[in-house]
file data08.pdb (PDB, C-alpha atoms)
ATOM      1  CA  MET A   1       6.201  -2.268  17.750
ATOM      2  CA  SER A   2       6.544   1.253  16.396
ATOM      3  CA  VAL A   3       7.510   2.264  12.889
ATOM      4  CA  PRO A   4      10.599   4.472  12.701
ATOM      5  CA  VAL A   5       9.794   8.127  12.117
ATOM      6  CA  GLU A   6      12.077   8.124   9.108
ATOM      7  CA  ALA A   7      12.599   5.020   7.003
ATOM      8  CA  PRO A   8      14.588   4.919   3.778
ATOM      9  CA  ILE A   9      13.001   4.279   0.422
ATOM     10  CA  THR A  10      15.169   1.915  -1.595
ATOM     11  CA  VAL A  11      15.719   2.295  -5.331
ATOM     12  CA  VAL A  12      17.122  -0.826  -7.006
ATOM     13  CA  LEU A  13      19.084  -0.250 -10.212
ATOM     14  CA  PRO A  14      19.783  -2.783 -12.963
ATOM     15  CA  SER A  15      23.429  -3.573 -13.721
ATOM     16  CA  VAL A  16      23.340  -1.507 -16.931
ATOM     17  CA  LEU A  17      22.629   1.663 -14.908
ATOM     18  CA  GLN A  18      24.963   1.009 -11.976
ATOM     19  CA  PRO A  19      28.044   2.625 -13.599
ATOM     20  CA  LEU A  20      26.043   5.872 -13.808
ATOM     21  CA  ALA A  21      25.451   5.736 -10.044
ATOM     22  CA  GLY A  22      29.044   5.274  -8.953
ATOM     23  CA  GLY A  23      28.750   1.495  -9.268
ATOM     24  CA  GLN A  24      25.949   1.259  -6.708
ATOM     25  CA  SER A  25      23.102  -1.205  -7.189
ATOM     26  CA  ILE A  26      20.910   0.396  -4.532
ATOM     27  CA  LEU A  27      20.241   4.056  -3.835
ATOM     28  CA  THR A  28      18.263   5.230  -0.824
ATOM     29  CA  ALA A  29      16.402   8.350   0.198
ATOM     30  CA  PRO A  30      15.172   8.979   3.747
ATOM     31  CA  ALA A  31      11.478   9.804   3.991
ATOM     32  CA  GLU A  32       9.233  10.730   6.904
ATOM     33  CA  LYS A  33       6.038  10.379   4.858
ATOM     34  CA  ALA A  34       4.922   9.224   1.435
ATOM     35  CA  VAL A  35       6.636  10.988  -1.452
ATOM     36  CA  THR A  36       6.121  10.949  -5.214
ATOM     37  CA  VAL A  37       8.223   8.949  -7.634
ATOM     38  CA  GLU A  38       9.274  12.274  -9.164
ATOM     39  CA  TRP A  39      10.573  13.559  -5.796
ATOM     40  CA  LEU A  40      12.354  10.260  -5.218
ATOM     41  CA  LEU A  41      14.088  10.332  -8.613
ATOM     42  CA  ASP A  42      15.146  13.949  -8.053
ATOM     43  CA  ARG A  43      16.580  12.990  -4.668
ATOM     44  CA  VAL A  44      18.490   9.833  -5.618
ATOM     45  CA  THR A  45      19.844  11.129  -8.934
ATOM     46  CA  GLY A  46      20.940  14.528  -7.601
ATOM     47  CA  ASP A  47      24.585  13.457  -7.436
ATOM     48  CA  TYR A  48      24.366  11.450 -10.660
ATOM     49  CA  PRO A  49      23.309  13.713 -13.561
ATOM     50  CA  ALA A  50      24.113  11.045 -16.177
ATOM     51  CA  LEU A  51      21.751   8.643 -14.412
ATOM     52  CA  SER A  52      19.071  11.329 -14.264
ATOM     53  CA  ARG A  53      19.361  11.927 -18.024
ATOM     54  CA  ARG A  54      19.156   8.202 -18.719
ATOM     55  CA  LEU A  55      15.921   7.881 -16.725
ATOM     56  CA  ARG A  56      14.069  11.028 -17.817
ATOM     57  CA  ASP A  57      14.082  13.300 -20.837
ATOM     58  CA  GLU A  58      14.507  17.089 -20.930
ATOM     59  CA  THR A  59      10.847  17.596 -19.958
ATOM     60  CA  GLY A  60      11.169  15.324 -16.906
ATOM     61  CA  THR A  61       9.118  12.516 -18.443
ATOM     62  CA  VAL A  62      10.277   8.959 -17.796
ATOM     63  CA  ARG A  63      11.939   7.685 -20.940
ATOM     64  CA  ARG A  64       9.929   5.159 -22.891
ATOM     65  CA  TYR A  65      12.491   2.346 -22.430
ATOM     66  CA  VAL A  66      12.654   2.845 -18.645
ATOM     67  CA  ASN A  67      10.141   1.029 -16.446
ATOM     68  CA  ILE A  68       9.713   1.970 -12.809
ATOM     69  CA  TYR A  69       7.887  -0.301 -10.379
ATOM     70  CA  VAL A  70       6.463   0.530  -6.957
ATOM     71  CA  ASN A  71       5.414  -2.566  -5.009
ATOM     72  CA  GLY A  72       5.582  -4.601  -8.202
ATOM     73  CA  ASN A  73       3.303  -2.259 -10.157
ATOM     74  CA  GLU A  74       4.597  -0.280 -13.131
ATOM     75  CA  ILE A  75       4.001   3.440 -12.524
ATOM     76  CA  ARG A  76       2.539   3.994 -16.008
ATOM     77  CA  GLY A  77      -0.419   1.871 -14.856
ATOM     78  CA  LEU A  78      -0.655   3.865 -11.632
ATOM     79  CA  GLN A  79      -0.288   7.649 -11.411
ATOM     80  CA  GLY A  80       3.002   7.963 -13.275
ATOM     81  CA  LEU A  81       5.530  10.295 -11.648
ATOM     82  CA  VAL A  82       3.022  11.345  -8.982
ATOM     83  CA  THR A  83       2.618   7.757  -7.773
ATOM     84  CA  ALA A  84       3.085   7.692  -4.003
ATOM     85  CA  VAL A  85       5.967   5.803  -2.402
ATOM     86  CA  ALA A  86       5.842   5.228   1.341
ATOM     87  CA  PRO A  87       8.817   5.111   3.697
ATOM     88  CA  GLY A  88      10.334   1.640   3.718
ATOM     89  CA  GLN A  89       9.074   0.720   0.255
ATOM     90  CA  GLU A  90      11.231  -0.461  -2.613
ATOM     91  CA  VAL A  91      11.252   1.003  -6.117
ATOM     92  CA  LEU A  92      12.654  -1.098  -8.942
ATOM     93  CA  ILE A  93      13.984   0.461 -12.132
ATOM     94  CA  ILE A  94      14.290  -1.710 -15.218
ATOM     95  CA  GLN A  95      15.751  -0.483 -18.474
ATOM     96  CA  SER A  96      14.756  -2.242 -21.663
ATOM     97  CA  VAL A  97      17.779  -3.431 -23.604
ATOM     98  CA  ALA A  98      17.536  -3.466 -27.375
ATOM     99  CA  GLY A  99      19.274  -6.194 -29.267
ATOM    100  CA  GLY A 100      19.509  -7.375 -32.771
TER
END

call {"tool": "encode", "arguments": {"input": "data08.pdb", "output": "structure tokens"}}
result
Amino acid sequence: MSVPVEAPITVVLPSVLQPLAGGQSILTAPAEKAVTVEWLLDRVTGDYPALSRRLRDETGTVRRYVNIYVNGNEIRGLQGLVTAVAPGQEVLIIQSVAGG
């Protein structure tokens, strides 16, 4: 059984962020090889500038209340934005919600 040359990477968005992505809960980016989380975010938020601003600040750093997971591991405990994501993998974005 061969692996497809190009397999999409799936980015799963929480409901609070879906309106910023045209109502979509899942965004995908085709990839032929492993890419960085930074590349992936650039790719999937290209058409959604409001989503991009909600995920990262002006310097490109992931906002403190946004958690991004690759294979169940939070990227801050890995290599941050340069964490590798392989074709076919899933990235989960969770935004902390403040309450009071």

call {"tool": "resolve_selection", "arguments": {"input": "data08.pdb", "expression": "the PyMOL selection byres ((chain A and resi 48) around 12)", "output": "VMD selection string"}}
result
chain A and resid 17 to 24 27 41 to 47 49 to 55

call {"tool": "residues_around", "arguments": {"input": "data08.pdb", "residues": "segment 67-71 of chain A", "least_positions_apart": "2", "cutoff": "12 Å", "atoms": "only C-alpha atoms", "output": "ChimeraX atom specification"}}
result
/A:9-14,35-38,40-41,54-56,61-65,73-97

call {"tool": "atom_distance", "arguments": {"input": "data08.pdb", "atom1": "atom CA of Ala7 of chain A", "atom2": "atom CA of Glu32 of chain A"}}
result
6.6 Å

call {"tool": "axis_aligned_box", "arguments": {"input": "data08.pdb", "around": "segment 88-98 of chain A", "padding_each_side": "4 Å", "output": "lines of an AutoDock Vina configuration file"}}
result
center_x = 13.4
center_y = -0.9
center_z = -11.8
size_x = 16.7
size_y = 13.1
size_z = 39.1
